[in-house]
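Novice: Sharing a structure below in structure tokens format, with a few things to ask.
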Amino acid sequence: MKIAIIGGGNMGGAIAKGIAAGSLVPASDLTVTAHTQQTLDKIKGYDPAIRTTLDNREAVQGADLVVLAVKPWLLEEVVKEIRGGLDYRKQAVASVIGRSSFEELGKLLDNGSGVMPVMYRIIPNTAISLGESVTFIAEQGAPKERLDELVSIFSELGQTVVVKEPMMGPGTSLASCGIAFALKYLDASIQGGVELGFAPEEARAVVMQTMRGALEMMNLNGTMPQTEIDKVTTPGGMTLRGLAAMEESGFTEAVKAGLFNSK
Ligand SMILES: NC(=O)C1=CN([C@@H]2O[C@H](COP(=O)(O)OP(=O)(O)OC[C@H]3O[C@@H](n4cnc5c(N)ncnc54)[C@H](O)[C@@H]3O)[C@@H](O)[C@H]2O)C=CC1
Ligand SMILES: O=C(O)[C@@H]1CCC=N1
């Protein structure tokens, strides 16, 4: 599958890096565009075989899939720019834009011909660059084999979850914004560790290994977090006091507020 990524920034670049490292799409079948040559040079640094250009119209020529990965406020401008050069019978269009919809994308892509392309919404998180993403995918009008092919590509880069469009917002919150929320917990822990007397690098190492251990226990034991929390918590002990203080400060509600407000 030949893929053109329009906007090789944090997300478009991470997708390009991940796909180039995978086995299903040769790096030479990837074309990435950006607003500046400096960004394209960074993309070349991932794999020199990735094709790069500042010209969006040139990039979409011959692509089987065009991935729109610009900031939301640039979507309309970019779609208008490339629309005339797309063959909707052959070329599918995917949006990675966080708060978009098939309705909005369809309106922008509508060229009055009565033919619409296969459309996807694809929301990875930034760990796609190292093959550890959770990627949510929804489709509109995709034949099963084309969806399966797309899912195979993204499944090399972590876990892929195919959903109906209404679950794209919640999926984005939980996994794509969610990676920032997880990092926020780590950041708070490191800050606290420093205030407890550790050097920042020591606190970082301790917090990362503690998080790794927590994840691995859940993974190996097939448990929910509370089961593992119960094993740590001595009645009347230190952990209980800490957990109570966290909840008094609104920990669980704060995390949920982050999820509900980001969708
Ligand atoms: N960063 C993330 O973790 C995620 C981002 N997204 C979505 O990805 C989209 C891009 O976000 P980021 O990658 O974070 O932004 P970014 O600013 O890092 O990347 C956007 C890229 O678009 C390029 N660009 C600007 N104008 C252009 C044009 N006219 N033609 C071609 N390229 C152009 C810029 O050079 C830049 O490299 C957003 O719509 C966001 O909602 C979705 C999931 C996760
Ligand atoms: O913050 C955002 O809007 C984008 C979408 C999901 C992650 N980053």
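Convention: chains lettered A, B, ... in structure tokens order; per-chain residue numbering from 1; ligands numbered from 1 as shown.
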Could you pull out the residues in region 40-242 of chain A that DSSP calls alpha helix (DSSP H) from the backbone, as a ChimeraX atom specification?

Specialist: /A:40-46,56-60,75-83,102-109,144-155,168-171,178-195,200-221,225-232,238-242

Novice: Could you please take those selected residues and save C-alpha atoms as a compact mmCIF listing (two decimals), in the first residue's frame?

Specialist:
```
# COMPACT_ATOMS: atom_id res chain seq x y z
CA LEU A 40 11.17 16.86 6.21
CA ASP A 41 14.89 16.50 7.03
CA LYS A 42 13.88 15.04 10.41
CA ILE A 43 11.61 12.54 8.62
CA LYS A 44 14.49 11.51 6.33
CA GLY A 45 16.48 10.88 9.50
CA TYR A 46 14.02 8.10 10.44
CA ASN A 56 0.93 18.16 -1.06
CA ARG A 57 -0.49 17.72 -4.56
CA GLU A 58 2.62 15.91 -5.72
CA ALA A 59 2.57 13.72 -2.59
CA VAL A 60 -0.94 12.33 -3.15
CA LEU A 75 -7.70 20.60 7.47
CA GLU A 76 -10.02 22.59 5.22
CA GLU A 77 -7.18 24.39 3.44
CA VAL A 78 -5.26 21.16 2.86
CA VAL A 79 -8.28 19.18 1.64
CA LYS A 80 -9.17 21.96 -0.79
CA GLU A 81 -5.60 21.90 -2.04
CA ILE A 82 -5.44 18.16 -2.77
CA ARG A 83 -9.09 17.38 -3.57
CA PHE A 102 -16.78 11.59 8.78
CA GLU A 103 -19.54 14.12 8.24
CA GLU A 104 -17.12 17.04 8.34
CA LEU A 105 -14.49 15.23 6.27
CA GLY A 106 -17.11 14.12 3.74
CA LYS A 107 -18.34 17.69 3.31
CA LEU A 108 -14.81 18.92 2.67
CA LEU A 109 -14.03 16.09 0.24
CA LYS A 144 -13.44 -5.63 4.49
CA GLU A 145 -10.14 -6.56 2.81
CA ARG A 146 -9.02 -2.92 2.66
CA LEU A 147 -9.86 -2.38 6.33
CA ASP A 148 -8.07 -5.63 7.21
CA GLU A 149 -4.96 -4.47 5.34
CA LEU A 150 -4.96 -1.15 7.20
CA VAL A 151 -5.48 -2.88 10.54
CA SER A 152 -2.53 -5.21 9.78
CA ILE A 153 -0.27 -2.24 9.14
CA PHE A 154 -1.21 -0.49 12.39
CA SER A 155 -1.22 -3.74 14.37
CA MET A 168 -13.51 7.50 18.41
CA GLY A 169 -13.80 10.41 20.88
CA PRO A 170 -13.69 8.18 23.97
CA GLY A 171 -10.88 6.13 22.40
CA GLY A 178 -4.26 9.12 27.69
CA ILE A 179 -0.56 8.72 27.04
CA ALA A 180 -0.13 12.34 28.17
CA PHE A 181 -2.25 11.61 31.24
CA ALA A 182 -0.10 8.59 32.10
CA LEU A 183 3.00 10.75 31.69
CA LYS A 184 1.42 13.38 33.93
CA TYR A 185 1.18 10.79 36.72
CA LEU A 186 4.84 9.90 36.15
CA ASP A 187 5.78 13.57 36.17
CA ALA A 188 3.94 14.16 39.46
CA SER A 189 5.64 11.12 40.99
CA ILE A 190 9.08 12.30 39.92
CA GLN A 191 8.37 15.79 41.30
CA GLY A 192 7.26 14.21 44.59
CA GLY A 193 10.32 11.96 44.62
CA VAL A 194 12.58 15.00 44.30
CA GLU A 195 10.72 16.71 47.15
CA PRO A 200 15.75 14.00 39.58
CA GLU A 201 17.50 11.23 37.61
CA GLU A 202 17.23 8.82 40.56
CA ALA A 203 13.54 9.62 40.98
CA ARG A 204 13.01 9.14 37.23
CA ALA A 205 14.64 5.70 37.27
CA VAL A 206 12.72 4.60 40.38
CA VAL A 207 9.37 5.82 39.06
CA MET A 208 9.85 4.23 35.63
CA GLN A 209 10.78 0.84 37.09
CA THR A 210 7.89 1.04 39.57
CA MET A 211 5.48 1.71 36.70
CA ARG A 212 7.00 -1.13 34.66
CA GLY A 213 6.55 -3.47 37.62
CA ALA A 214 2.91 -2.42 38.09
CA LEU A 215 2.11 -2.99 34.42
CA GLU A 216 3.90 -6.33 34.33
CA MET A 217 2.03 -7.58 37.41
CA MET A 218 -1.33 -6.70 35.85
CA ASN A 219 -0.17 -8.26 32.61
CA LEU A 220 1.17 -11.53 34.03
CA ASN A 221 -1.53 -11.97 36.69
CA PRO A 225 -5.31 -2.65 39.45
CA GLN A 226 -7.30 -2.86 42.71
CA THR A 227 -6.25 -6.51 43.17
CA GLU A 228 -2.60 -5.49 43.03
CA ILE A 229 -3.26 -2.41 45.23
CA ASP A 230 -4.82 -4.71 47.88
CA LYS A 231 -1.59 -6.75 47.98
CA VAL A 232 0.41 -3.59 48.78
CA MET A 238 1.68 3.57 55.04
CA THR A 239 0.08 2.87 51.64
CA LEU A 240 -3.42 3.29 53.04
CA ARG A 241 -2.51 6.71 54.43
CA GLY A 242 -1.02 7.69 51.08
```

Novice: Could you please extract the residues within 10 Å of ligand 2, counting only C-alpha atoms and all ligand atoms, and hand them back as an MDAnalysis selection string?

Specialist: chainID A and resid 10:11 71:72 96:100 123:126 169 171:180 262:263

Novice: So that I can check the secondary structure, give me every residue of region 87-144 of chain A assigned strand (DSSP E) by backbone DSSP, as a list in words.

Specialist: Ala92, Val93, Ala94, Ser95, Met119, Tyr120, Arg121, Ile122, Ile123, Ser133, Val134, Thr135, Phe136, Ile137, Ala138, Glu139 and Gln140 of chain A

Novice: Pick from A:Gln140, A:Thr33, A:Gln38, A:Thr52: nearest to ligand 1, with only C-alpha atoms and all ligand atoms counted?

Specialist: A:Thr33

Novice: Which one of A:Gly22, A:Glu247, A:Gly197, A:Ile3 sits closest to Gln91 (chain A) if you count only C-alpha atoms?

Specialist: A:Ile3

Novice: Counting only C-alpha atoms, which of A:Ile6, A:Ala245, A:Ile15, A:Val134 gets nearest to Asp55 (chain A)?

Specialist: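 For Asp55 (chain A), the nearest of the given residues is A:Ile6.
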
Novice: For Gly13 (chain A), which residue among A:Ala138, A:Val115, A:Ala257, A:Ala69 is the nearest when counting only C-alpha atoms?

Specialist: A:Ala69

Novice: For a quick check of understanding, using only C-alpha atoms, which of A:Gly158, A:Gly8, A:Gly258, A:Gly250 has the smallest distance to Arg51 (chain A)?

Specialist: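 Between A:Gly158, A:Gly8, A:Gly258, A:Gly250, the residue approaching Arg51 (chain A) most closely is A:Gly8.
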
Novice: So which one's closest to ligand 1, A:Phe136, A:Tyr120, A:Phe198, A:Tyr88? Using only C-alpha atoms and all ligand atoms, please.

Specialist: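 The closest residue to ligand 1 is A:Phe136.
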
Novice: Using only C-alpha atoms, which residues sit within 12 Å of Arg89 (chain A) once same-chain residues fewer than 3 positions away are excluded, as an NGL selection string?

Specialist: :A and (64-65 or 86 or 92-93 or 113-119 or 141-142)

Novice: Can you spit out the residues from that selection as a compact mmCIF listing (two decimals), in the first residue's frame, using C-alpha atoms?

Specialist:
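As written to disk, selection.txt reads:
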```
# COMPACT_ATOMS: atom_id res chain seq x y z
CA ASP A 64 -3.55 4.32 -2.16
CA LEU A 65 -4.12 6.03 1.17
CA LEU A 86 -7.57 12.63 -5.94
CA ALA A 92 -8.82 6.31 0.35
CA VAL A 93 -8.55 9.25 2.73
CA SER A 113 -19.24 14.12 -8.64
CA GLY A 114 -21.43 11.94 -6.46
CA VAL A 115 -18.45 9.64 -5.80
CA MET A 116 -16.92 9.64 -2.31
CA PRO A 117 -13.68 7.97 -1.25
CA VAL A 118 -13.34 5.26 1.36
CA MET A 119 -12.74 7.20 4.55
CA GLY A 141 -17.36 2.69 3.04
CA ALA A 142 -14.28 0.44 3.34
```

Novice: Val161 (chain A): which residues within 7 Å, counting only C-alpha atoms, same-chain residues fewer than 2 positions away excluded, as a PyMOL selection string?

Specialist: chain A and resi 135-137+159+163

Novice: Quick one: everything within 10 Å of Ala20 (chain A), counting only C-alpha atoms, minus sequence neighbours fewer than 4 positions away in the same chain. Send it as a PDB file with C-alpha atoms, in the first residue's frame.

Specialist:
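Below is the file around.pdb, written as the result:
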```
ATOM      1  CA  ALA A  14       5.533   9.240  14.430  1.00  0.00           C
ATOM      2  CA  ILE A  15       3.250   7.291  12.070  1.00  0.00           C
ATOM      3  CA  ALA A  16       5.845   7.522   9.296  1.00  0.00           C
ATOM      4  CA  LEU A  24       4.296  -4.395   5.634  1.00  0.00           C
ATOM      5  CA  VAL A  25       4.960  -1.079   3.879  1.00  0.00           C
ATOM      6  CA  PRO A  26       8.433  -0.396   2.459  1.00  0.00           C
ATOM      7  CA  ALA A  27       9.727   3.028   3.497  1.00  0.00           C
ATOM      8  CA  SER A  28       9.981   3.881  -0.204  1.00  0.00           C
ATOM      9  CA  ASP A  29       6.162   3.569  -0.453  1.00  0.00           C
ATOM     10  CA  LEU A  30       5.750   6.328   2.133  1.00  0.00           C
ATOM     11  CA  TYR A  46      14.021   8.103  10.439  1.00  0.00           C
ATOM     12  CA  ASP A  47      14.656   6.312   7.149  1.00  0.00           C
ATOM     13  CA  PRO A  48      16.292   7.911   4.114  1.00  0.00           C
ATOM     14  CA  ALA A  49      14.068   5.829   1.815  1.00  0.00           C
ATOM     15  CA  ILE A  50      10.949   7.753   2.916  1.00  0.00           C
ATOM     16  CA  SER A 129       6.915   5.703  16.712  1.00  0.00           C
TER      17      SER A 129
END
```

Novice: Quick one, how far is atom 1 (N, counted along the ligand's line) of ligand 1 from CA of Ser23 (chain A)?

Specialist: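 Calculated distance between atom 1 (N, counted along the ligand's line) of ligand 1 and CA of Ser23 (chain A) is 23.7 Å.
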
Novice: Could you jot down the CA of Ala21 (chain A) to CA of Val66 (chain A) separation for me, Å, one decimal place?

Specialist: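 These atoms are spaced 19.0 Å apart.
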
Novice: Hey, can you check how far CA of Lys256 (chain A) sits from CA of Glu165 (chain A)?

Specialist: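 Here the two named atoms are 21.5 Å from each other.
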